[in-house]
Amino acid sequence: ELDKFAIFPNPTKADVSLQFTLNESANISLQLQTLQGKTVTQFNQVTGFVSAGSHVHSLRLPTDLSSGLYLLSMDINGKKMHSKVSVIK
């Protein structure tokens, strides 16, 4: 189960850091999506089996993203969590 889920800086121009804490090991997938749910990119460095504890990952956003709001969607053992990311170009 996810204990914490934070994205910074937000708003961002290019890259974000994702910080999260898991109470137990879990299978995770992480995607950036439009507000309509269309997948923009999959973050493979945070996909797969992840051990319990605190984690911080730098995520490089696609360079061709337009300014606007997006969803960072994290699937943890089949349970989805979302956080809005504001991109400013």
# chains A, B, ... in the order shown; residues from 1 in each chain; ligands from 1
>>> residues_around(residues="Leu35 of chain A", least_positions_apart="6", cutoff="12 Å", atoms="only C-alpha atoms", output="mmCIF file with N, CA, C and O atoms, in the first residue's frame")
data_model
loop_
_atom_site.group_PDB
_atom_site.id
_atom_site.type_symbol
_atom_site.label_atom_id
_atom_site.label_comp_id
_atom_site.auth_asym_id
_atom_site.auth_seq_id
_atom_site.Cartn_x
_atom_site.Cartn_y
_atom_site.Cartn_z
ATOM 1 N N GLY A 68 0.153 22.582 -20.111
ATOM 2 C CA GLY A 68 -1.170 22.153 -19.667
ATOM 3 C C GLY A 68 -1.095 21.222 -18.484
ATOM 4 O O GLY A 68 -0.037 20.992 -17.912
ATOM 5 N N LEU A 69 -2.247 20.681 -18.118
ATOM 6 C CA LEU A 69 -2.337 19.743 -17.001
ATOM 7 C C LEU A 69 -2.299 18.310 -17.513
ATOM 8 O O LEU A 69 -2.922 17.986 -18.530
ATOM 9 N N TYR A 70 -1.589 17.465 -16.782
ATOM 10 C CA TYR A 70 -1.478 16.047 -17.089
ATOM 11 C C TYR A 70 -1.682 15.277 -15.799
ATOM 12 O O TYR A 70 -1.624 15.842 -14.703
ATOM 13 N N LEU A 71 -1.902 13.979 -15.926
ATOM 14 C CA LEU A 71 -2.026 13.105 -14.761
ATOM 15 C C LEU A 71 -0.845 12.154 -14.701
ATOM 16 O O LEU A 71 -0.508 11.514 -15.695
ATOM 17 N N LEU A 72 -0.217 12.080 -13.550
ATOM 18 C CA LEU A 72 0.766 11.039 -13.306
ATOM 19 C C LEU A 72 -0.021 9.911 -12.655
ATOM 20 O O LEU A 72 -0.604 10.083 -11.580
ATOM 21 N N SER A 73 -0.118 8.789 -13.340
ATOM 22 C CA SER A 73 -0.939 7.671 -12.903
ATOM 23 C C SER A 73 -0.045 6.526 -12.439
ATOM 24 O O SER A 73 0.753 6.003 -13.205
ATOM 25 N N HIS A 82 -3.632 8.866 -8.737
ATOM 26 C CA HIS A 82 -3.355 9.912 -9.714
ATOM 27 C C HIS A 82 -2.932 11.188 -9.014
ATOM 28 O O HIS A 82 -3.408 11.484 -7.918
ATOM 29 N N SER A 83 -2.066 11.936 -9.679
ATOM 30 C CA SER A 83 -1.682 13.254 -9.206
ATOM 31 C C SER A 83 -1.536 14.150 -10.430
ATOM 32 O O SER A 83 -0.973 13.746 -11.451
ATOM 33 N N LYS A 84 -2.049 15.377 -10.338
ATOM 34 C CA LYS A 84 -1.954 16.309 -11.458
ATOM 35 C C LYS A 84 -0.561 16.910 -11.540
ATOM 36 O O LYS A 84 0.051 17.229 -10.518
ATOM 37 N N VAL A 85 -0.087 17.072 -12.769
ATOM 38 C CA VAL A 85 1.200 17.713 -13.042
ATOM 39 C C VAL A 85 0.928 18.856 -14.011
ATOM 40 O O VAL A 85 0.322 18.650 -15.063
ATOM 41 N N SER A 86 1.386 20.038 -13.666
ATOM 42 C CA SER A 86 1.228 21.203 -14.525
ATOM 43 C C SER A 86 2.545 21.422 -15.293
ATOM 44 O O SER A 86 3.596 21.583 -14.677
#
>>> residues_around(residues="segment 13-27 of chain A", least_positions_apart="6", cutoff="7 Å", atoms="only C-alpha atoms", output="ChimeraX atom specification")
/A:1-7,48-61,76-77,87-89
>>> write_last_selection(atoms="C-alpha atoms", output="PDB file, in the first residue's frame")
ATOM      1  CA  GLU A   1       0.000   0.000   0.000  1.00  0.00           C
ATOM      2  CA  LEU A   2       1.147   3.509  -0.823  1.00  0.00           C
ATOM      3  CA  ASP A   3       1.850   5.722   2.165  1.00  0.00           C
ATOM      4  CA  LYS A   4       3.077   8.897   0.392  1.00  0.00           C
ATOM      5  CA  PHE A   5       3.045  10.160  -3.209  1.00  0.00           C
ATOM      6  CA  ALA A   6       4.597  13.547  -4.089  1.00  0.00           C
ATOM      7  CA  ILE A   7       5.735  15.228  -7.316  1.00  0.00           C
ATOM      8  CA  GLY A  48       7.898  -3.691 -12.061  1.00  0.00           C
ATOM      9  CA  PHE A  49       8.480  -5.085  -8.585  1.00  0.00           C
ATOM     10  CA  VAL A  50       9.453  -2.384  -6.070  1.00  0.00           C
ATOM     11  CA  SER A  51      10.493  -3.102  -2.495  1.00  0.00           C
ATOM     12  CA  ALA A  52       8.894  -1.564   0.577  1.00  0.00           C
ATOM     13  CA  GLY A  53      10.310   1.739   1.807  1.00  0.00           C
ATOM     14  CA  SER A  54      10.947   5.253   0.517  1.00  0.00           C
ATOM     15  CA  HIS A  55      11.807   5.868  -3.134  1.00  0.00           C
ATOM     16  CA  VAL A  56      12.760   8.949  -5.182  1.00  0.00           C
ATOM     17  CA  HIS A  57      12.952   8.886  -8.988  1.00  0.00           C
ATOM     18  CA  SER A  58      13.775  11.608 -11.514  1.00  0.00           C
ATOM     19  CA  LEU A  59      11.357  11.496 -14.416  1.00  0.00           C
ATOM     20  CA  ARG A  60      12.202  13.072 -17.765  1.00  0.00           C
ATOM     21  CA  LEU A  61       9.047  14.361 -19.388  1.00  0.00           C
ATOM     22  CA  ILE A  76       0.124  -0.325  -7.370  1.00  0.00           C
ATOM     23  CA  ASN A  77      -0.935  -3.974  -7.349  1.00  0.00           C
ATOM     24  CA  VAL A  87       3.619  21.626 -17.487  1.00  0.00           C
ATOM     25  CA  ILE A  88       4.709  25.152 -18.450  1.00  0.00           C
ATOM     26  CA  LYS A  89       6.679  25.701 -21.674  1.00  0.00           C
TER      27      LYS A  89
END
>>> atom_distance(atom1="atom CA of Lys80 of chain A", atom2="atom CA of Asn10 of chain A")
20.3 Å
>>> atom_distance(atom1="atom CA of Asn44 of chain A", atom2="atom CA of Leu30 of chain A")
7.5 Å
>>> closest_residue(among="A:Asp75, A:Pro9, A:Pro62, A:Ser67", to="Thr41 of chain A", atoms="only C-alpha atoms")
A:Pro62
>>> residues_around(residues="Val40 of chain A", least_positions_apart="5", cutoff="9 Å", atoms="only C-alpha atoms", output="short mmCIF file (atom, residue, chain, number, x, y, z; two decimals) with C-alpha atoms, in the first residue's frame")
data_model
loop_
_atom_site.label_atom_id
_atom_site.label_comp_id
_atom_site.auth_asym_id
_atom_site.auth_seq_id
_atom_site.Cartn_x
_atom_site.Cartn_y
_atom_site.Cartn_z
CA GLN A 31 2.38 6.60 -16.76
CA LEU A 32 1.89 10.21 -17.74
CA GLN A 33 -1.59 10.73 -19.18
CA THR A 34 -3.72 13.52 -20.58
CA PRO A 62 8.75 14.19 -23.19
CA LEU A 65 4.69 18.11 -24.36
#
>>> atom_distance(atom1="atom CA of Met81 of chain A", atom2="atom CA of Thr39 of chain A")
14.6 Å
>>> select_by_dssp(residues="chain A", states="strand (DSSP E or B)", output="ChimeraX atom specification")
/A:2-8,12,15-22,26-34,39-42,48-50,53-60,68-76,79-87
>>> decode(residues="chain A", atoms="C-alpha atoms", output="short mmCIF file (atom, residue, chain, number, x, y, z; two decimals), in the first residue's frame")
data_model
loop_
_atom_site.label_atom_id
_atom_site.label_comp_id
_atom_site.auth_asym_id
_atom_site.auth_seq_id
_atom_site.Cartn_x
_atom_site.Cartn_y
_atom_site.Cartn_z
CA GLU A 1 0.00 0.00 0.00
CA LEU A 2 1.15 3.51 -0.82
CA ASP A 3 1.85 5.72 2.16
CA LYS A 4 3.08 8.90 0.39
CA PHE A 5 3.05 10.16 -3.21
CA ALA A 6 4.60 13.55 -4.09
CA ILE A 7 5.74 15.23 -7.32
CA PHE A 8 8.03 18.22 -7.41
CA PRO A 9 8.56 20.78 -8.79
CA ASN A 10 4.96 21.29 -9.79
CA PRO A 11 4.46 23.21 -12.05
CA THR A 12 7.46 22.09 -14.09
CA LYS A 13 9.18 22.92 -17.37
CA ALA A 14 10.93 19.62 -18.11
CA ASP A 15 11.61 17.07 -15.39
CA VAL A 16 9.97 16.11 -12.12
CA SER A 17 10.97 14.09 -9.12
CA LEU A 18 8.59 11.47 -7.82
CA GLN A 19 8.79 10.56 -4.16
CA PHE A 20 6.75 7.74 -2.70
CA THR A 21 6.75 5.38 0.25
CA LEU A 22 5.42 1.82 0.13
CA ASN A 23 4.33 0.00 3.28
CA GLU A 24 5.00 -3.32 1.52
CA SER A 25 6.62 -4.48 -1.71
CA ALA A 26 4.40 -4.09 -4.77
CA ASN A 27 4.16 -4.35 -8.54
CA ILE A 28 4.06 -0.81 -9.93
CA SER A 29 3.55 0.88 -13.26
CA LEU A 30 3.77 4.62 -13.84
CA GLN A 31 2.38 6.60 -16.76
CA LEU A 32 1.89 10.21 -17.74
CA GLN A 33 -1.59 10.73 -19.18
CA THR A 34 -3.72 13.52 -20.58
CA LEU A 35 -6.71 14.54 -18.46
CA GLN A 36 -8.80 12.44 -20.87
CA GLY A 37 -6.80 9.31 -19.91
CA LYS A 38 -4.67 8.97 -23.07
CA THR A 39 -1.18 7.67 -22.22
CA VAL A 40 1.59 10.11 -23.18
CA THR A 41 4.52 8.06 -21.87
CA GLN A 42 5.33 5.08 -19.66
CA PHE A 43 8.13 5.50 -17.10
CA ASN A 44 9.91 2.15 -17.31
CA GLN A 45 12.41 2.94 -14.55
CA VAL A 46 9.52 2.82 -12.05
CA THR A 47 7.75 -0.21 -13.54
CA GLY A 48 7.90 -3.69 -12.06
CA PHE A 49 8.48 -5.08 -8.59
CA VAL A 50 9.45 -2.38 -6.07
CA SER A 51 10.49 -3.10 -2.50
CA ALA A 52 8.89 -1.56 0.58
CA GLY A 53 10.31 1.74 1.81
CA SER A 54 10.95 5.25 0.52
CA HIS A 55 11.81 5.87 -3.13
CA VAL A 56 12.76 8.95 -5.18
CA HIS A 57 12.95 8.89 -8.99
CA SER A 58 13.78 11.61 -11.51
CA LEU A 59 11.36 11.50 -14.42
CA ARG A 60 12.20 13.07 -17.77
CA LEU A 61 9.05 14.36 -19.39
CA PRO A 62 8.75 14.19 -23.19
CA THR A 63 10.25 17.28 -24.82
CA ASP A 64 7.28 17.71 -27.16
CA LEU A 65 4.69 18.11 -24.36
CA SER A 66 2.44 21.12 -24.70
CA SER A 67 1.76 23.36 -21.73
CA GLY A 68 -1.17 22.15 -19.67
CA LEU A 69 -2.34 19.74 -17.00
CA TYR A 70 -1.48 16.05 -17.09
CA LEU A 71 -2.03 13.10 -14.76
CA LEU A 72 0.77 11.04 -13.31
CA SER A 73 -0.94 7.67 -12.90
CA MET A 74 0.60 5.08 -10.61
CA ASP A 75 -0.79 1.54 -10.55
CA ILE A 76 0.12 -0.33 -7.37
CA ASN A 77 -0.93 -3.97 -7.35
CA GLY A 78 -3.95 -3.03 -9.50
CA LYS A 79 -4.98 0.05 -7.47
CA LYS A 80 -4.63 3.34 -9.35
CA MET A 81 -3.47 6.62 -7.80
CA HIS A 82 -3.36 9.91 -9.71
CA SER A 83 -1.68 13.25 -9.21
CA LYS A 84 -1.95 16.31 -11.46
CA VAL A 85 1.20 17.71 -13.04
CA SER A 86 1.23 21.20 -14.53
CA VAL A 87 3.62 21.63 -17.49
CA ILE A 88 4.71 25.15 -18.45
CA LYS A 89 6.68 25.70 -21.67
#
